[in-house]
>>> print(open('target_29.csv').read())   # CSV, C-alpha atoms and all ligand atoms
chain,number,residue,atom,x,y,z
G,10,MET,CA,-19.7,-86.6,126.7
G,11,GLN,CA,-23.1,-85.6,128.0
G,12,ARG,CA,-25.4,-82.6,127.4
G,13,VAL,CA,-26.9,-80.9,130.4
G,14,ARG,CA,-28.6,-77.6,131.4
G,15,ALA,CA,-26.4,-75.1,133.1
G,16,VAL,CA,-26.3,-71.4,134.2
G,17,VAL,CA,-23.8,-69.4,132.2
G,18,ALA,CA,-22.6,-65.8,132.5
G,19,ARG,CA,-21.5,-64.8,129.0
G,20,ALA,CA,-20.4,-61.2,129.5
G,21,GLU,CA,-19.7,-58.7,132.3
G,22,GLY,CA,-22.9,-57.4,133.9
G,23,GLU,CA,-25.2,-59.2,131.5
G,24,PRO,CA,-28.1,-61.4,132.9
G,25,VAL,CA,-27.2,-65.0,133.2
G,26,SER,CA,-28.9,-67.6,131.0
G,27,VAL,CA,-29.6,-71.3,131.0
G,28,GLU,CA,-27.6,-73.0,128.3
G,29,THR,CA,-26.8,-76.5,127.0
G,30,VAL,CA,-23.4,-77.4,128.2
G,31,LEU,CA,-21.2,-80.4,127.3
G,32,VAL,CA,-19.7,-82.4,130.2
G,33,PRO,CA,-16.8,-84.7,129.2
G,34,ALA,CA,-16.5,-88.2,130.7
G,35,PRO,CA,-14.2,-88.0,133.7
G,36,GLY,CA,-10.4,-88.3,133.0
G,37,PRO,CA,-7.8,-89.5,135.4
G,38,GLY,CA,-8.4,-88.1,138.9
G,39,GLU,CA,-11.8,-86.6,137.9
G,40,ALA,CA,-15.4,-87.2,138.7
G,41,VAL,CA,-18.8,-86.3,137.2
G,42,VAL,CA,-21.3,-85.4,139.8
G,43,LYS,CA,-25.1,-85.3,139.5
G,44,VAL,CA,-26.0,-82.1,141.2
G,45,TRP,CA,-29.0,-82.1,143.5
G,46,ALA,CA,-28.9,-78.6,145.0
G,47,CYS,CA,-26.7,-75.6,144.7
G,48,GLY,CA,-26.9,-72.3,146.7
G,49,VAL,CA,-26.6,-68.8,145.2
G,50,CYS,CA,-23.6,-67.1,146.8
G,51,HIS,CA,-22.4,-63.5,146.6
G,52,THR,CA,-19.3,-64.8,144.8
G,53,ASP,CA,-21.4,-66.0,141.8
G,54,LEU,CA,-22.5,-62.4,141.4
G,55,HIS,CA,-18.9,-61.2,141.7
G,56,TYR,CA,-18.1,-63.4,138.8
G,57,ARG,CA,-20.9,-62.2,136.7
G,58,GLU,CA,-19.9,-58.6,137.4
G,59,GLY,CA,-16.3,-59.3,136.3
G,60,GLY,CA,-15.1,-58.8,139.8
G,61,VAL,CA,-13.1,-62.0,140.0
G,62,ASN,CA,-11.4,-62.1,136.6
G,63,ASP,CA,-12.4,-61.7,132.9
G,64,GLU,CA,-12.3,-65.4,131.9
G,65,PHE,CA,-15.9,-65.3,130.5
G,66,PRO,CA,-18.0,-67.2,129.8
G,67,PHE,CA,-18.4,-68.5,133.4
G,68,LEU,CA,-20.3,-71.6,134.5
G,69,LEU,CA,-21.7,-70.4,137.8
G,70,GLY,CA,-22.7,-72.2,141.1
G,71,HIS,CA,-20.3,-73.6,143.7
G,72,GLU,CA,-22.2,-74.4,146.9
G,73,ALA,CA,-23.5,-77.8,146.1
G,74,ALA,CA,-24.4,-81.3,147.1
G,75,GLY,CA,-25.0,-84.2,144.8
G,76,SER,CA,-24.1,-87.8,144.0
G,77,VAL,CA,-21.1,-89.2,142.2
G,78,GLU,CA,-22.1,-90.5,138.8
G,79,SER,CA,-18.8,-91.7,137.4
G,80,VAL,CA,-15.1,-91.5,138.3
G,81,GLY,CA,-12.0,-91.5,136.1
G,82,GLU,CA,-8.9,-93.6,136.2
G,83,GLY,CA,-7.0,-93.8,139.5
G,84,VAL,CA,-9.7,-92.3,141.6
G,85,THR,CA,-9.9,-93.8,145.1
G,86,GLY,CA,-12.0,-92.8,148.1
G,87,ILE,CA,-15.2,-92.0,146.2
G,88,GLU,CA,-17.4,-94.2,144.0
G,89,PRO,CA,-20.6,-93.8,141.9
G,90,GLY,CA,-23.6,-93.3,144.2
G,91,ASP,CA,-21.7,-91.6,147.0
G,92,PHE,CA,-23.4,-88.5,148.4
G,93,VAL,CA,-21.0,-85.6,148.4
G,94,VAL,CA,-20.6,-81.9,149.2
G,95,LEU,CA,-18.4,-80.2,146.6
G,96,ASN,CA,-15.4,-78.1,147.9
G,97,TRP,CA,-13.2,-75.6,146.1
G,98,ARG,CA,-10.0,-76.4,147.8
G,99,ALA,CA,-8.9,-79.9,146.8
G,100,VAL,CA,-5.6,-80.2,148.6
G,101,CYS,CA,-2.4,-81.4,146.8
G,102,GLY,CA,-0.6,-83.3,149.5
G,103,GLN,CA,2.8,-82.2,148.1
G,104,CYS,CA,3.2,-78.4,148.7
G,105,ARG,CA,5.1,-76.9,151.6
G,106,ALA,CA,1.9,-76.4,153.6
G,107,CYS,CA,0.7,-80.0,153.0
G,108,ARG,CA,4.1,-81.4,153.8
G,109,ARG,CA,4.2,-79.6,157.1
G,110,GLY,CA,0.9,-81.2,158.1
G,111,ARG,CA,-1.2,-78.1,157.5
G,112,PRO,CA,-3.3,-79.1,154.4
G,113,GLN,CA,-6.0,-76.6,155.3
G,114,TYR,CA,-3.6,-74.0,154.0
G,115,CYS,CA,-2.6,-75.9,150.9
G,116,PHE,CA,-1.0,-73.5,148.4
G,117,ASP,CA,-1.6,-75.6,145.3
G,118,THR,CA,-5.3,-76.7,145.3
G,119,HIS,CA,-6.6,-78.1,142.0
G,120,ASN,CA,-9.7,-78.6,139.9
G,121,ALA,CA,-10.6,-80.9,137.0
G,122,ARG,CA,-8.1,-80.8,134.1
G,123,GLN,CA,-10.7,-81.0,131.3
G,124,ARG,CA,-13.0,-78.2,130.5
G,125,MET,CA,-16.8,-78.2,130.1
G,126,THR,CA,-17.9,-76.3,127.0
G,127,LEU,CA,-20.9,-74.7,125.3
G,128,ALA,CA,-22.5,-76.7,122.5
G,129,ASP,CA,-20.3,-74.8,120.0
G,130,GLY,CA,-17.1,-75.9,121.8
G,131,THR,CA,-16.4,-72.6,123.6
G,132,GLU,CA,-14.6,-73.5,126.9
G,133,LEU,CA,-16.3,-72.5,130.1
G,134,THR,CA,-14.6,-71.3,133.3
G,135,PRO,CA,-16.4,-73.0,136.2
G,136,ALA,CA,-16.9,-70.7,139.3
G,137,LEU,CA,-14.3,-71.6,141.9
G,138,GLY,CA,-13.5,-74.6,139.8
G,139,ILE,CA,-16.9,-76.2,140.4
G,140,GLY,CA,-19.8,-74.8,138.2
G,141,ALA,CA,-22.7,-76.5,139.8
G,142,PHE,CA,-25.8,-74.6,138.6
G,143,ALA,CA,-26.0,-77.6,136.2
G,144,ASP,CA,-27.6,-81.0,136.1
G,145,LYS,CA,-24.1,-82.5,136.2
G,146,THR,CA,-20.7,-81.1,136.6
G,147,LEU,CA,-17.1,-82.3,136.2
G,148,VAL,CA,-14.7,-81.8,139.1
G,149,ALA,CA,-11.4,-83.1,140.5
G,150,ALA,CA,-12.2,-86.2,142.6
G,151,GLY,CA,-10.6,-84.3,145.6
G,152,GLN,CA,-13.4,-81.7,145.4
G,153,CYS,CA,-15.9,-84.4,146.4
G,154,THR,CA,-16.3,-84.8,150.1
G,155,LYS,CA,-18.5,-87.7,151.2
G,156,VAL,CA,-21.1,-86.9,153.9
G,157,ASP,CA,-24.0,-88.8,155.5
G,158,HIS,CA,-26.6,-89.3,152.8
G,159,ALA,CA,-29.5,-88.8,155.3
G,160,ALA,CA,-28.8,-85.1,155.1
G,161,ARG,CA,-31.0,-82.7,153.1
G,162,PRO,CA,-28.9,-81.6,150.0
G,163,GLU,CA,-30.2,-78.0,150.0
G,164,ALA,CA,-28.9,-77.6,153.5
G,165,VAL,CA,-25.6,-79.4,153.6
G,166,GLY,CA,-24.6,-78.2,150.1
G,167,LEU,CA,-24.2,-74.8,151.8
G,168,LEU,CA,-21.2,-76.2,153.7
G,169,GLY,CA,-19.5,-76.1,150.3
G,170,CYS,CA,-18.8,-72.3,150.6
G,171,GLY,CA,-20.5,-69.5,152.7
G,172,VAL,CA,-21.7,-71.5,155.7
G,173,MET,CA,-18.3,-73.3,156.0
G,174,ALA,CA,-16.5,-69.9,155.7
G,175,GLY,CA,-18.5,-68.5,158.6
G,176,LEU,CA,-18.4,-71.6,160.8
G,177,GLY,CA,-14.7,-71.9,160.2
G,178,ALA,CA,-14.0,-68.1,160.8
G,179,ALA,CA,-15.3,-68.6,164.4
G,180,LEU,CA,-14.1,-72.2,165.1
G,181,ASN,CA,-10.9,-72.7,163.0
G,182,THR,CA,-9.5,-69.2,162.5
G,183,GLY,CA,-10.8,-67.3,165.5
G,184,ARG,CA,-10.5,-70.3,167.8
G,185,VAL,CA,-13.5,-69.1,169.9
G,186,GLY,CA,-13.3,-70.6,173.3
G,187,ARG,CA,-15.9,-71.6,175.9
G,188,GLY,CA,-17.1,-68.6,177.8
G,189,GLU,CA,-15.7,-66.0,175.4
G,190,SER,CA,-17.4,-63.0,173.9
G,191,VAL,CA,-17.7,-62.7,170.1
G,192,ALA,CA,-19.0,-60.0,167.9
G,193,VAL,CA,-19.9,-60.6,164.2
G,194,ILE,CA,-20.1,-57.6,161.9
G,195,GLY,CA,-22.3,-58.4,158.9
G,196,CYS,CA,-24.8,-61.2,159.3
G,197,GLY,CA,-25.5,-62.5,155.8
G,198,GLY,CA,-25.0,-66.1,155.1
G,199,VAL,CA,-21.3,-66.0,156.2
G,200,GLY,CA,-21.8,-63.9,159.3
G,201,SER,CA,-24.8,-65.9,160.5
G,202,ALA,CA,-22.8,-69.0,160.2
G,203,ALA,CA,-20.1,-67.4,162.3
G,204,VAL,CA,-22.7,-66.7,164.9
G,205,ALA,CA,-23.7,-70.4,164.8
G,206,GLY,CA,-20.0,-71.4,165.0
G,207,ALA,CA,-19.6,-69.2,168.1
G,208,ARG,CA,-22.5,-70.9,169.7
G,209,LEU,CA,-21.1,-74.4,168.9
G,210,ALA,CA,-17.8,-73.3,170.6
G,211,GLY,CA,-19.6,-72.3,173.8
G,212,ALA,CA,-19.2,-68.6,173.6
G,213,ALA,CA,-21.0,-66.8,176.4
G,214,ARG,CA,-21.9,-63.6,174.7
G,215,ILE,CA,-22.5,-63.5,170.9
G,216,ILE,CA,-23.2,-60.0,169.5
G,217,ALA,CA,-24.6,-59.9,165.9
G,218,VAL,CA,-24.2,-56.6,164.1
G,219,ASP,CA,-26.0,-55.7,160.8
G,220,LEU,CA,-27.8,-52.9,159.1
G,221,GLU,CA,-30.9,-54.9,158.6
G,222,LYS,CA,-33.3,-56.0,161.3
G,223,ARG,CA,-34.4,-59.2,159.6
G,224,LYS,CA,-30.7,-60.3,159.5
G,225,LEU,CA,-30.5,-59.7,163.2
G,226,ASP,CA,-33.6,-61.7,163.8
G,227,THR,CA,-32.1,-64.7,162.0
G,228,ALA,CA,-28.9,-64.3,163.9
G,229,MET,CA,-30.8,-64.5,167.2
G,230,LYS,CA,-32.3,-67.8,166.0
G,231,LEU,CA,-28.8,-69.1,165.3
G,232,GLY,CA,-27.4,-68.2,168.7
G,233,ALA,CA,-26.8,-64.5,169.0
G,234,THR,CA,-27.4,-63.3,172.5
G,235,HIS,CA,-27.4,-59.6,171.6
G,236,THR,CA,-27.8,-57.5,168.5
G,237,VAL,CA,-26.6,-54.2,167.3
G,238,ASN,CA,-28.4,-52.4,164.4
G,239,ALA,CA,-25.4,-50.6,162.8
G,240,ALA,CA,-27.8,-48.3,160.9
G,241,LYS,CA,-28.9,-46.8,164.2
G,242,ALA,CA,-26.0,-47.3,166.7
G,243,ASP,CA,-22.2,-46.9,166.6
G,244,THR,CA,-20.9,-50.4,166.3
G,245,VAL,CA,-17.7,-50.0,168.3
G,246,ALA,CA,-19.5,-48.2,171.2
G,247,ALA,CA,-22.3,-50.7,171.2
G,248,VAL,CA,-20.1,-53.8,171.3
G,249,ARG,CA,-18.0,-52.3,174.1
G,250,GLU,CA,-21.1,-51.5,176.1
G,251,LEU,CA,-22.2,-55.1,175.8
G,252,THR,CA,-18.8,-56.4,176.9
G,253,ASP,CA,-18.4,-54.4,180.2
G,254,GLY,CA,-16.7,-51.6,178.4
G,255,PHE,CA,-13.8,-53.8,177.2
G,256,GLY,CA,-14.6,-55.1,173.7
G,257,ALA,CA,-15.1,-58.7,172.5
G,258,ASP,CA,-12.5,-61.5,172.7
G,259,VAL,CA,-13.0,-62.3,169.0
G,260,VAL,CA,-14.5,-59.9,166.4
G,261,ILE,CA,-15.3,-61.3,163.0
G,262,ASP,CA,-15.6,-59.0,160.0
G,263,ALA,CA,-17.9,-60.7,157.5
G,264,VAL,CA,-18.3,-57.7,155.3
G,265,GLY,CA,-14.8,-56.9,154.3
G,266,THR,CA,-14.6,-53.1,154.0
G,267,PRO,CA,-12.1,-50.7,155.6
G,268,LYS,CA,-14.8,-49.3,157.7
G,269,THR,CA,-16.0,-52.6,159.1
G,270,TYR,CA,-12.4,-53.8,159.6
G,271,GLU,CA,-11.6,-50.7,161.6
G,272,GLN,CA,-14.7,-51.3,163.7
G,273,ALA,CA,-13.6,-54.9,164.3
G,274,PHE,CA,-10.2,-53.6,165.3
G,275,TYR,CA,-11.5,-51.2,167.9
G,276,ALA,CA,-14.4,-53.4,169.1
G,277,ARG,CA,-11.9,-56.0,170.2
G,278,ASP,CA,-10.6,-56.4,173.8
G,279,LEU,CA,-6.9,-56.2,174.5
G,280,ALA,CA,-5.0,-59.4,173.3
G,281,GLY,CA,-8.2,-60.4,171.4
G,282,THR,CA,-8.5,-61.6,167.8
G,283,VAL,CA,-9.9,-60.0,164.7
G,284,VAL,CA,-10.9,-62.3,161.9
G,285,LEU,CA,-11.4,-61.0,158.4
G,286,VAL,CA,-13.6,-63.4,156.4
G,287,GLY,CA,-15.5,-60.9,154.1
G,288,VAL,CA,-13.6,-60.4,150.8
G,289,PRO,CA,-12.4,-56.9,150.3
G,290,ALA,CA,-12.8,-55.1,146.9
G,291,PRO,CA,-9.4,-54.8,145.1
G,292,GLU,CA,-9.0,-51.1,145.3
G,293,THR,CA,-9.6,-50.7,149.1
G,294,ARG,CA,-6.9,-49.6,151.5
G,295,LEU,CA,-6.6,-49.7,155.3
G,296,GLU,CA,-5.0,-47.1,157.6
G,297,LEU,CA,-4.5,-47.8,161.3
G,298,PRO,CA,-2.2,-46.2,163.8
G,299,LEU,CA,0.7,-48.7,164.0
G,300,LEU,CA,1.1,-48.0,167.7
G,301,GLU,CA,-2.5,-49.2,168.3
G,302,VAL,CA,-1.7,-52.4,166.3
G,303,PHE,CA,1.2,-53.0,168.6
G,304,GLY,CA,-0.3,-51.8,171.9
G,305,ARG,CA,-3.5,-53.8,171.6
G,306,GLY,CA,-1.7,-57.1,171.2
G,307,GLY,CA,-3.5,-60.2,170.1
G,308,ALA,CA,-4.0,-61.3,166.5
G,309,LEU,CA,-5.2,-60.0,163.2
G,310,LYS,CA,-6.1,-63.0,161.1
G,311,SER,CA,-7.7,-63.7,157.7
G,312,SER,CA,-9.9,-66.7,157.1
G,313,TRP,CA,-9.7,-68.5,153.7
G,314,TYR,CA,-12.7,-70.7,153.3
G,315,GLY,CA,-12.9,-70.8,157.1
G,316,ASP,CA,-9.5,-72.4,157.1
G,317,CYS,CA,-11.4,-75.6,156.6
G,318,LEU,CA,-10.2,-79.0,155.7
G,319,PRO,CA,-13.2,-80.3,153.8
G,320,SER,CA,-12.4,-84.0,154.6
G,321,ARG,CA,-12.3,-83.2,158.3
G,322,ASP,CA,-15.0,-80.5,158.6
G,323,PHE,CA,-17.9,-81.3,156.2
G,324,PRO,CA,-18.7,-84.7,157.7
G,325,VAL,CA,-18.6,-83.3,161.2
G,326,PHE,CA,-20.9,-80.4,160.5
G,327,THR,CA,-23.2,-82.7,158.6
G,328,ASP,CA,-23.5,-85.0,161.6
G,329,LEU,CA,-24.1,-82.0,163.9
G,330,TYR,CA,-26.9,-80.9,161.6
G,331,LEU,CA,-28.4,-84.4,161.6
G,332,GLN,CA,-28.3,-84.4,165.4
G,333,GLY,CA,-30.2,-81.1,165.5
G,334,ARG,CA,-27.2,-79.1,166.9
G,335,LEU,CA,-26.5,-77.0,163.8
G,336,ASP,CA,-29.6,-75.5,162.1
G,337,LEU,CA,-28.4,-75.5,158.4
G,338,ASP,CA,-32.1,-75.4,157.3
G,339,ALA,CA,-32.2,-71.8,158.7
G,340,PHE,CA,-29.9,-70.7,155.9
G,341,VAL,CA,-32.2,-72.0,153.2
G,342,SER,CA,-34.4,-68.9,152.6
G,343,GLU,CA,-36.1,-70.4,149.5
G,344,THR,CA,-35.6,-73.2,146.9
G,345,ILE,CA,-35.7,-72.1,143.2
G,346,GLY,CA,-35.4,-73.6,139.8
G,347,ILE,CA,-32.4,-73.4,137.5
G,348,GLY,CA,-34.0,-70.6,135.5
G,349,ASP,CA,-34.4,-68.4,138.6
G,350,VAL,CA,-30.7,-67.5,139.4
G,351,GLU,CA,-30.9,-64.0,137.9
G,352,ALA,CA,-34.0,-63.2,140.1
G,353,ALA,CA,-32.1,-64.6,143.1
G,354,PHE,CA,-29.2,-62.2,142.5
G,355,GLU,CA,-31.8,-59.4,142.8
G,356,ARG,CA,-33.2,-60.7,146.0
G,357,MET,CA,-29.7,-61.2,147.4
G,358,HIS,CA,-28.8,-57.6,146.4
G,359,ARG,CA,-31.9,-56.3,148.2
G,360,GLY,CA,-30.9,-58.3,151.3
G,361,ASP,CA,-34.1,-60.4,151.2
G,362,VAL,CA,-32.4,-63.8,151.7
G,363,LEU,CA,-29.6,-65.6,153.4
G,364,ARG,CA,-29.5,-68.2,150.6
G,365,SER,CA,-31.6,-69.0,147.6
G,366,VAL,CA,-30.9,-72.7,146.7
G,367,VAL,CA,-31.3,-74.1,143.2
G,368,VAL,CA,-32.8,-77.5,143.3
G,369,LEU,CA,-32.1,-79.7,140.2
W,401,LIG,N1,-13.3,-65.9,153.2
W,401,LIG,C1,-14.0,-66.8,152.4
W,401,LIG,O1,-13.5,-67.9,152.1
W,401,LIG,C2,-15.4,-66.4,151.9
W,401,LIG,C3,-16.3,-67.4,151.5
W,401,LIG,C4,-17.5,-67.0,151.0
W,401,LIG,C5,-17.9,-65.7,151.1
W,401,LIG,N2,-17.0,-64.7,151.5
W,401,LIG,C6,-17.3,-63.3,151.6
W,401,LIG,O2,-18.0,-63.0,152.8
W,401,LIG,C7,-18.7,-61.8,152.6
W,401,LIG,C8,-20.2,-62.0,153.1
W,401,LIG,O3,-20.8,-62.9,152.2
W,401,LIG,P1,-22.4,-63.2,152.4
W,401,LIG,O4,-22.8,-64.2,151.4
W,401,LIG,O5,-22.7,-63.4,153.8
W,401,LIG,O6,-23.0,-61.8,151.9
W,401,LIG,P2,-24.3,-61.0,152.2
W,401,LIG,O7,-24.5,-60.0,151.2
W,401,LIG,O8,-25.4,-62.1,152.4
W,401,LIG,O9,-24.1,-60.4,153.7
W,401,LIG,C9,-23.4,-59.3,154.0
W,401,LIG,C10,-24.2,-58.6,155.2
W,401,LIG,O10,-23.4,-57.5,155.7
W,401,LIG,C11,-24.3,-56.5,156.1
W,401,LIG,N3,-23.5,-55.3,156.1
W,401,LIG,C12,-23.1,-54.5,155.1
W,401,LIG,N4,-22.4,-53.4,155.5
W,401,LIG,C13,-22.5,-53.5,156.9
W,401,LIG,C14,-22.0,-52.6,157.9
W,401,LIG,N5,-21.3,-51.5,157.6
W,401,LIG,N6,-22.2,-52.9,159.2
W,401,LIG,C15,-22.9,-54.1,159.5
W,401,LIG,N7,-23.4,-54.9,158.6
W,401,LIG,C16,-23.2,-54.6,157.3
W,401,LIG,C17,-25.4,-56.6,155.1
W,401,LIG,O11,-26.6,-56.0,155.6
W,401,LIG,C18,-25.5,-58.1,154.9
W,401,LIG,O12,-26.5,-58.7,155.8
W,401,LIG,C19,-18.6,-61.4,151.1
W,401,LIG,O13,-17.5,-60.5,151.0
W,401,LIG,C20,-18.2,-62.7,150.5
W,401,LIG,O14,-17.5,-62.6,149.3
W,401,LIG,C21,-15.8,-65.1,152.0
W,402,ZN,ZN,-0.8,-78.7,149.1
W,403,ZN,ZN,-19.5,-68.9,147.7
>>> encode(input="target_29.csv", output="structure tokens")
Amino acid sequence: MQRVRAVVARAEGEPVSVETVLVPAPGPGEAVVKVWACGVCHTDLHYREGGVNDEFPFLLGHEAAGSVESVGEGVTGIEPGDFVVLNWRAVCGQCRACRRGRPQYCFDTHNARQRMTLADGTELTPALGIGAFADKTLVAAGQCTKVDHAARPEAVGLLGCGVMAGLGAALNTGRVGRGESVAVIGCGGVGSAAVAGARLAGAARIIAVDLEKRKLDTAMKLGATHTVNAAKADTVAAVRELTDGFGADVVIDAVGTPKTYEQAFYARDLAGTVVLVGVPAPETRLELPLLEVFGRGGALKSSWYGDCLPSRDFPVFTDLYLQGRLDLDAFVSETIGIGDVEAAFERMHRGDVLRSVVVL
């Protein structure tokens, strides 16, 4: 058992606080990780606002890189000292998806069995089974993915959630091909990563759509060839105009509202693909003419965590980063201390940052 500092959300809508948290020694199949850096994601704010579930208090933070400190019984594949990016989909190897050779869709992913607690013994719910705004955290060993230790933790830690979701939405789910046209609606951390993914895939035309000019400027740096300011122009008409009147081969909705999804649907060329990677609010509904769904052909897909397989994808994207082919540093808007998470939520809400990253 160790005592560490960690960021806790005690109750719905209340500001988060830095608390002393007890981290148990790793049990069978578990690992304790010394966290070096952890990004502030929109999902952490969803937790604090009670938008995920009501299992307060939450231990926040889930986009992290660090080093393995200790491992429990039966752990193979990682050892103390390894540099790892944490993932929130440790695959089981046994479920029907895993058995069919599609572990990226595993239907039974797992986390550590033991709980971290407050000093008075109150059990904490770690965000996405990670809880990494903490000096150290307890996870399932399968949540640790080894990557090249030469990489900057603030940058590669972001592969643990939002950046992977965006890259994977373009590369894994959308299967963007060389020479294709791609439109990305919403260019926050996730959408900008989708732009970067489309560039890696060799897309010829990459259209970034956002309401904020500074988001569009960053998207240009990451590979967008055209931008649409949705506060001023009609998204569907603008994307069509930029694609010879036809629409894009792949349109990625990185916002997740009925409005942006409908725009994605109509901004897509015949037989094209829509990818939904933004997470919709529970009460939202979608209405589309079924004849259009049929008549336009193609595919309407959702992207869980970028349909990534951490063991396959994290090391590859880390290597591309180290080779200068994927600018993960562009996502790190600022580095902050463990006491600054509440202020970072404010800046995220105002749209000031792609990612604030807590450095420990
Ligand atoms: N599928 C997954 O596994 C996964 C993983 C991580 C995050 N997400 C989700 O992805 C979404 C985006 O996350 P983020 O961290 O990039 O958030 P963010 O707040 O940084 O970015 C959202 C962007 O969308 C823009 N936007 C909002 N409405 C728009 C509109 N009508 N037209 C164009 N642009 C619009 C905003 O200006 C902002 O730049 C969230 O819903 C998040 O929960 C999904
Ligand atoms: Zn499985
Ligand atoms: Zn996240």
>>> closest_atom_pairs(input="target_29.csv", of="range 155-196 of chain G", to="range 304-326 of chain G", cutoff="10 Å", atoms="all atoms listed in the file", output="tab-separated table")
residue	atom	partner	partner_atom	distance
G:Lys155	CA	G:Pro324	CA	7.2
G:Val156	CA	G:Pro324	CA	5.0
G:Asp157	CA	G:Pro324	CA	7.1
G:Val165	CA	G:Phe323	CA	8.3
G:Gly166	CA	G:Phe323	CA	9.6
G:Leu168	CA	G:Phe323	CA	6.6
G:Gly169	CA	G:Phe323	CA	8.0
G:Cys170	CA	G:Tyr314	CA	6.9
G:Gly171	CA	G:Tyr314	CA	7.9
G:Val172	CA	G:Gly315	CA	8.9
G:Met173	CA	G:Gly315	CA	6.1
G:Ala174	CA	G:Gly315	CA	4.0
G:Gly175	CA	G:Gly315	CA	6.2
G:Leu176	CA	G:Gly315	CA	6.7
G:Gly177	CA	G:Gly315	CA	3.7
G:Ala178	CA	G:Gly315	CA	4.7
G:Ala179	CA	G:Gly315	CA	8.0
G:Leu180	CA	G:Gly315	CA	8.2
G:Asn181	CA	G:Asp316	CA	6.1
G:Thr182	CA	G:Ser312	CA	6.0
G:Gly183	CA	G:Lys310	CA	7.7
>>> atom_distance(input="target_29.csv", atom1="CA of Thr118 in chain G", atom2="CA of Gly140 in chain G")
16.3 Å
>>> residues_near_ligand(input="target_29.csv", ligand="ligand ZN 402 (chain W)", cutoff="9 Å", atoms="only C-alpha atoms and all ligand atoms", output="list in words")
Ala99, Val100, Cys101, Gly102, Gln103, Cys104, Arg105, Ala106, Cys107, Arg108, Arg111, Pro112, Gln113, Tyr114, Cys115, Phe116, Asp117 and Thr118 of chain G
>>> write_last_selection(input="target_29.csv", atoms="C-alpha atoms", output="PDB file, in the coordinates of the input")
ATOM      1  CA  ALA G  99      -8.900 -79.900 146.800  1.00  0.00           C
ATOM      2  CA  VAL G 100      -5.600 -80.200 148.600  1.00  0.00           C
ATOM      3  CA  CYS G 101      -2.400 -81.400 146.800  1.00  0.00           C
ATOM      4  CA  GLY G 102      -0.600 -83.300 149.500  1.00  0.00           C
ATOM      5  CA  GLN G 103       2.800 -82.200 148.100  1.00  0.00           C
ATOM      6  CA  CYS G 104       3.200 -78.400 148.700  1.00  0.00           C
ATOM      7  CA  ARG G 105       5.100 -76.900 151.600  1.00  0.00           C
ATOM      8  CA  ALA G 106       1.900 -76.400 153.600  1.00  0.00           C
ATOM      9  CA  CYS G 107       0.700 -80.000 153.000  1.00  0.00           C
ATOM     10  CA  ARG G 108       4.100 -81.400 153.800  1.00  0.00           C
ATOM     11  CA  ARG G 111      -1.200 -78.100 157.500  1.00  0.00           C
ATOM     12  CA  PRO G 112      -3.300 -79.100 154.400  1.00  0.00           C
ATOM     13  CA  GLN G 113      -6.000 -76.600 155.300  1.00  0.00           C
ATOM     14  CA  TYR G 114      -3.600 -74.000 154.000  1.00  0.00           C
ATOM     15  CA  CYS G 115      -2.600 -75.900 150.900  1.00  0.00           C
ATOM     16  CA  PHE G 116      -1.000 -73.500 148.400  1.00  0.00           C
ATOM     17  CA  ASP G 117      -1.600 -75.600 145.300  1.00  0.00           C
ATOM     18  CA  THR G 118      -5.300 -76.700 145.300  1.00  0.00           C
TER      19      THR G 118
END
>>> closest_residue(input="target_29.csv", among="G:Cys153, G:Leu127, G:Leu295, G:Val199", to="ligand ZN 403 (chain W)", atoms="only C-alpha atoms and all ligand atoms")
G:Val199
>>> closest_residue(input="target_29.csv", among="G:Ala228, G:Ala136, G:Ala242, G:Val77", to="ligand ZN 403 (chain W)", atoms="all atoms listed in the file")
G:Ala136
>>> residues_near_ligand(input="target_29.csv", ligand="ligand LIG 401 (chain W)", cutoff="7 Å", atoms="all atoms listed in the file", output="ChimeraX atom specification")
/G:50-52,170-171,174,194-200,218-221,224,239,263-265,268-269,286-289,312-315,357-358,360,363
>>> closest_residue(input="target_29.csv", among="G:Ala159, G:Ile139, G:Leu300, G:Ala246", to="His119 in chain G", atoms="only C-alpha atoms")
G:Ile139
